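Asker: Dropping the structure in here first, questions after.
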Amino acid sequence: MTQNKDGSFRLIFIFMIVTMIIAFNWDKWTWMKDGIHFALNPTLGALLNWNLTIGMLICVLLISIITTVLQKYTTDQTELKRIKKLQKELQKKANELKHDPKKAMEVQKELMPLSMKQMKLGMRTIVYTGIPFVLLFRWFNDYFLELAATTGETVKFFGFLSWFWFYLIFTLVFSSILKKKFDVV
């Protein structure tokens with residue numbers, strides 16, 4: 001069976017809707033919430049209980065590794081690299097044509113379909129990560145709310161970052177390093 005890595009906005013859209021339904025029904029669907037807590041409390045929860053900052057760094061690193069590997073193998077990397085190279089060439093050409101806005105605009109028009117194709121190809125990974133990420137984020141939110149209720153203080157990493165900002169910043173750092181290491185666009 002040949003795997004199609006072209007991507008489909010329809011499939012991505014369907015998964016995004018399902019993901020949003022799950023996110024909005026987290027507290028109503030106790031079977032799902034309890035199941036995720038049953039799986040993650042003794043694993044990621046134990047890691048966070050051991051050492052909050054180091055545990056969170058390990059969680060973020062593991063999530064970044066999984067996401068990077070999925071991006072590498074669920075997208076057409078050859079085509080994405082070709083598009084990225086072509087975009088760089090066209091952007092360079094557009095910058096050289098700053099003195100002629102009409103020609104620069106024509107080059108910009110060539111860039112638009114490339115950007116749409118790149119987005120379509122790159123978003124393929126959402127099909128595999130959307131629902132798990134929502135479940136994981138909802139679990140993280142519950143974990144840190146419960147921790148705050150237990151300690152009487154809102155959890156802040158490095159004294160000022162919420163769990164979400166900590167996750168976001170370190171995901172960007174780890175992902176950029178991993179993408180270079182694994183040669184992922």
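So you can find residues: chains in the structure tokens are A, B, ... in the order shown, residues in each start at 1, and ligands are numbered from 1 in order.
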Extract, using only C-alpha atoms, all DNA, RNA and protein residues at most 7 Å from Thr53 in chain A, discarding same-chain residues fewer than 3 positions from it, and format them as a PyMOL selection string.

Answerer: chain A and resi 56-57+157

Asker: Which parts of range 15-95 of chain A does DSSP call alpha helix (DSSP H) when run on the backbone here, written out as a PyMOL selection string?

Answerer: chain A and resi 15-24+30-40+46-50+52-74+77-95

Asker: Got a sec: who's within 10 Å of Val134 in chain A, counting only C-alpha atoms, leaving out chain neighbours fewer than 2 positions off, as a list in words?

Answerer: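 Neighbouring residues, sequence-local ones excluded: Thr19, Met20, Ile22, Ala23, Phe24, Trp26, Thr129, Gly130, Ile131, Pro132, Leu136, Phe137, Arg138, Trp139 and Phe140 of chain A.
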
Asker: Store the residues of this selection in a file with N, CA and C atoms, as a PDB file, in the first residue's frame.

Answerer:
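Output contents, as saved in part01.pdb:
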```
ATOM      1  N   THR A  19     -11.215  17.137  17.338  1.00  0.00           N
ATOM      2  CA  THR A  19     -10.338  17.592  18.416  1.00  0.00           C
ATOM      3  C   THR A  19     -11.031  18.656  19.268  1.00  0.00           C
ATOM      4  N   MET A  20     -11.701  19.586  18.627  1.00  0.00           N
ATOM      5  CA  MET A  20     -12.408  20.642  19.371  1.00  0.00           C
ATOM      6  C   MET A  20     -13.573  20.056  20.177  1.00  0.00           C
ATOM      7  N   ILE A  22     -13.721  17.081  21.454  1.00  0.00           N
ATOM      8  CA  ILE A  22     -13.104  16.419  22.607  1.00  0.00           C
ATOM      9  C   ILE A  22     -12.686  17.450  23.647  1.00  0.00           C
ATOM     10  N   ALA A  23     -12.053  18.534  23.200  1.00  0.00           N
ATOM     11  CA  ALA A  23     -11.577  19.574  24.124  1.00  0.00           C
ATOM     12  C   ALA A  23     -12.743  20.186  24.907  1.00  0.00           C
ATOM     13  N   PHE A  24     -13.840  20.478  24.218  1.00  0.00           N
ATOM     14  CA  PHE A  24     -14.976  21.120  24.882  1.00  0.00           C
ATOM     15  C   PHE A  24     -15.757  20.172  25.794  1.00  0.00           C
ATOM     16  N   TRP A  26     -14.345  17.660  27.614  1.00  0.00           N
ATOM     17  CA  TRP A  26     -13.410  17.033  28.556  1.00  0.00           C
ATOM     18  C   TRP A  26     -14.052  16.805  29.920  1.00  0.00           C
ATOM     19  N   THR A 129      -1.498  13.975  15.481  1.00  0.00           N
ATOM     20  CA  THR A 129      -1.161  14.590  16.768  1.00  0.00           C
ATOM     21  C   THR A 129      -2.287  15.407  17.390  1.00  0.00           C
ATOM     22  N   GLY A 130      -3.260  15.807  16.630  1.00  0.00           N
ATOM     23  CA  GLY A 130      -4.297  16.717  17.134  1.00  0.00           C
ATOM     24  C   GLY A 130      -5.014  16.210  18.375  1.00  0.00           C
ATOM     25  N   ILE A 131      -5.595  15.033  18.274  1.00  0.00           N
ATOM     26  CA  ILE A 131      -6.363  14.487  19.403  1.00  0.00           C
ATOM     27  C   ILE A 131      -5.459  14.163  20.594  1.00  0.00           C
ATOM     28  N   PRO A 132      -4.318  13.479  20.389  1.00  0.00           N
ATOM     29  CA  PRO A 132      -3.439  13.245  21.551  1.00  0.00           C
ATOM     30  C   PRO A 132      -2.971  14.532  22.225  1.00  0.00           C
ATOM     31  N   LEU A 136      -3.568  15.515  26.042  1.00  0.00           N
ATOM     32  CA  LEU A 136      -2.395  15.796  26.867  1.00  0.00           C
ATOM     33  C   LEU A 136      -2.482  17.189  27.500  1.00  0.00           C
ATOM     34  N   PHE A 137      -2.890  18.175  26.716  1.00  0.00           N
ATOM     35  CA  PHE A 137      -3.008  19.532  27.257  1.00  0.00           C
ATOM     36  C   PHE A 137      -4.077  19.617  28.327  1.00  0.00           C
ATOM     37  N   ARG A 138      -5.184  18.919  28.109  1.00  0.00           N
ATOM     38  CA  ARG A 138      -6.234  18.921  29.134  1.00  0.00           C
ATOM     39  C   ARG A 138      -5.729  18.246  30.403  1.00  0.00           C
ATOM     40  N   TRP A 139      -4.961  17.167  30.246  1.00  0.00           N
ATOM     41  CA  TRP A 139      -4.396  16.498  31.416  1.00  0.00           C
ATOM     42  C   TRP A 139      -3.399  17.420  32.124  1.00  0.00           C
ATOM     43  N   PHE A 140      -2.506  18.066  31.375  1.00  0.00           N
ATOM     44  CA  PHE A 140      -1.562  19.009  31.979  1.00  0.00           C
ATOM     45  C   PHE A 140      -2.319  20.087  32.753  1.00  0.00           C
TER      46      PHE A 140
END
```

Asker: To one decimal place in Å, what is the distance between CA of Arg10 in chain A and CA of Thr75 in chain A?

Answerer: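 According to the coordinates, CA of Arg10 in chain A and CA of Thr75 in chain A are separated by 16.2 Å.
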
Asker: Contacts of Asn49 in chain A at 12 Å or less, counting only C-alpha atoms, minus same-chain residues fewer than 6 places along, as a compact mmCIF listing (two decimals) with C-alpha atoms, in the first residue's frame?

Answerer:
```txt
# COMPACT_ATOMS: atom_id res chain seq x y z
CA ASN A 41 -0.94 10.07 36.33
CA PRO A 42 1.40 7.11 36.98
CA THR A 43 3.63 8.00 34.02
CA GLY A 55 10.12 16.31 34.68
CA MET A 56 8.40 18.93 32.54
CA TYR A 143 -2.52 18.32 36.84
CA PHE A 144 -1.37 21.91 37.40
CA LEU A 147 -1.21 21.00 42.19
```

Asker: Nearest residue to Thr171 in chain A out of A:Ile14, A:Leu62, A:Ala104, A:Ala94, using only C-alpha atoms?

Answerer: A:Leu62

Asker: Report as a CSV table (one decimal) with C-alpha atoms, in the first residue's frame all protein, DNA and RNA residues lying within 8 Å of Leu90 in chain A, evaluated on only C-alpha atoms, omitting residues in the same chain fewer than 5 positions from it.

Answerer:
```
chain,number,residue,atom,x,y,z
A,107,VAL,CA,7.0,37.3,-7.9
A,108,GLN,CA,5.0,37.6,-4.7
A,110,GLU,CA,4.2,33.1,-7.5
A,111,LEU,CA,5.0,32.6,-3.8
```

Asker: Can you measure CA of Lys85 in chain A to CA of Lys180 in chain A for me? One decimal in Å is fine.

Answerer: 15.8 Å

Asker: Please report the interatomic distance between CA of Ser162 in chain A and CA of Ile54 in chain A in Å with one decimal.

Answerer: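 Computing the Euclidean distance for CA of Ser162 in chain A and CA of Ile54 in chain A yields 14.8 Å.
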
Asker: Restricting the calculation to only C-alpha atoms, which member of A:Asn95, A:Leu40, A:Thr68, A:Phe13 is positioned closest to Leu172 in chain A?

Answerer: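 The closest residue to Leu172 in chain A is A:Thr68.
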
Asker: Set the distance at 9 Å and use only C-alpha atoms: which residues neighbour Leu11 in chain A once local chain neighbours fewer than 4 positions away are removed? I'd like the list as a PDB file with N, CA and C atoms, in the first residue's frame.

Answerer:
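Result saved to selection_1.pdb:
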```pdb
ATOM      1  N   GLY A   7      -1.413  15.264   1.781  1.00  0.00           N
ATOM      2  CA  GLY A   7      -2.206  16.022   2.744  1.00  0.00           C
ATOM      3  C   GLY A   7      -3.568  16.333   2.163  1.00  0.00           C
ATOM      4  N   PHE A  15     -10.486  16.272  11.485  1.00  0.00           N
ATOM      5  CA  PHE A  15      -9.767  15.987  12.722  1.00  0.00           C
ATOM      6  C   PHE A  15      -9.751  17.190  13.660  1.00  0.00           C
ATOM      7  N   MET A  16      -9.690  18.390  13.097  1.00  0.00           N
ATOM      8  CA  MET A  16      -9.720  19.583  13.940  1.00  0.00           C
ATOM      9  C   MET A  16     -11.081  19.725  14.627  1.00  0.00           C
ATOM     10  N   ARG A 124      -0.212  17.763   7.530  1.00  0.00           N
ATOM     11  CA  ARG A 124      -0.594  16.348   7.543  1.00  0.00           C
ATOM     12  C   ARG A 124      -0.424  15.724   8.941  1.00  0.00           C
ATOM     13  N   VAL A 127      -3.229  15.267  11.709  1.00  0.00           N
ATOM     14  CA  VAL A 127      -4.112  14.108  11.730  1.00  0.00           C
ATOM     15  C   VAL A 127      -3.677  13.126  12.818  1.00  0.00           C
TER      16      VAL A 127
END
```
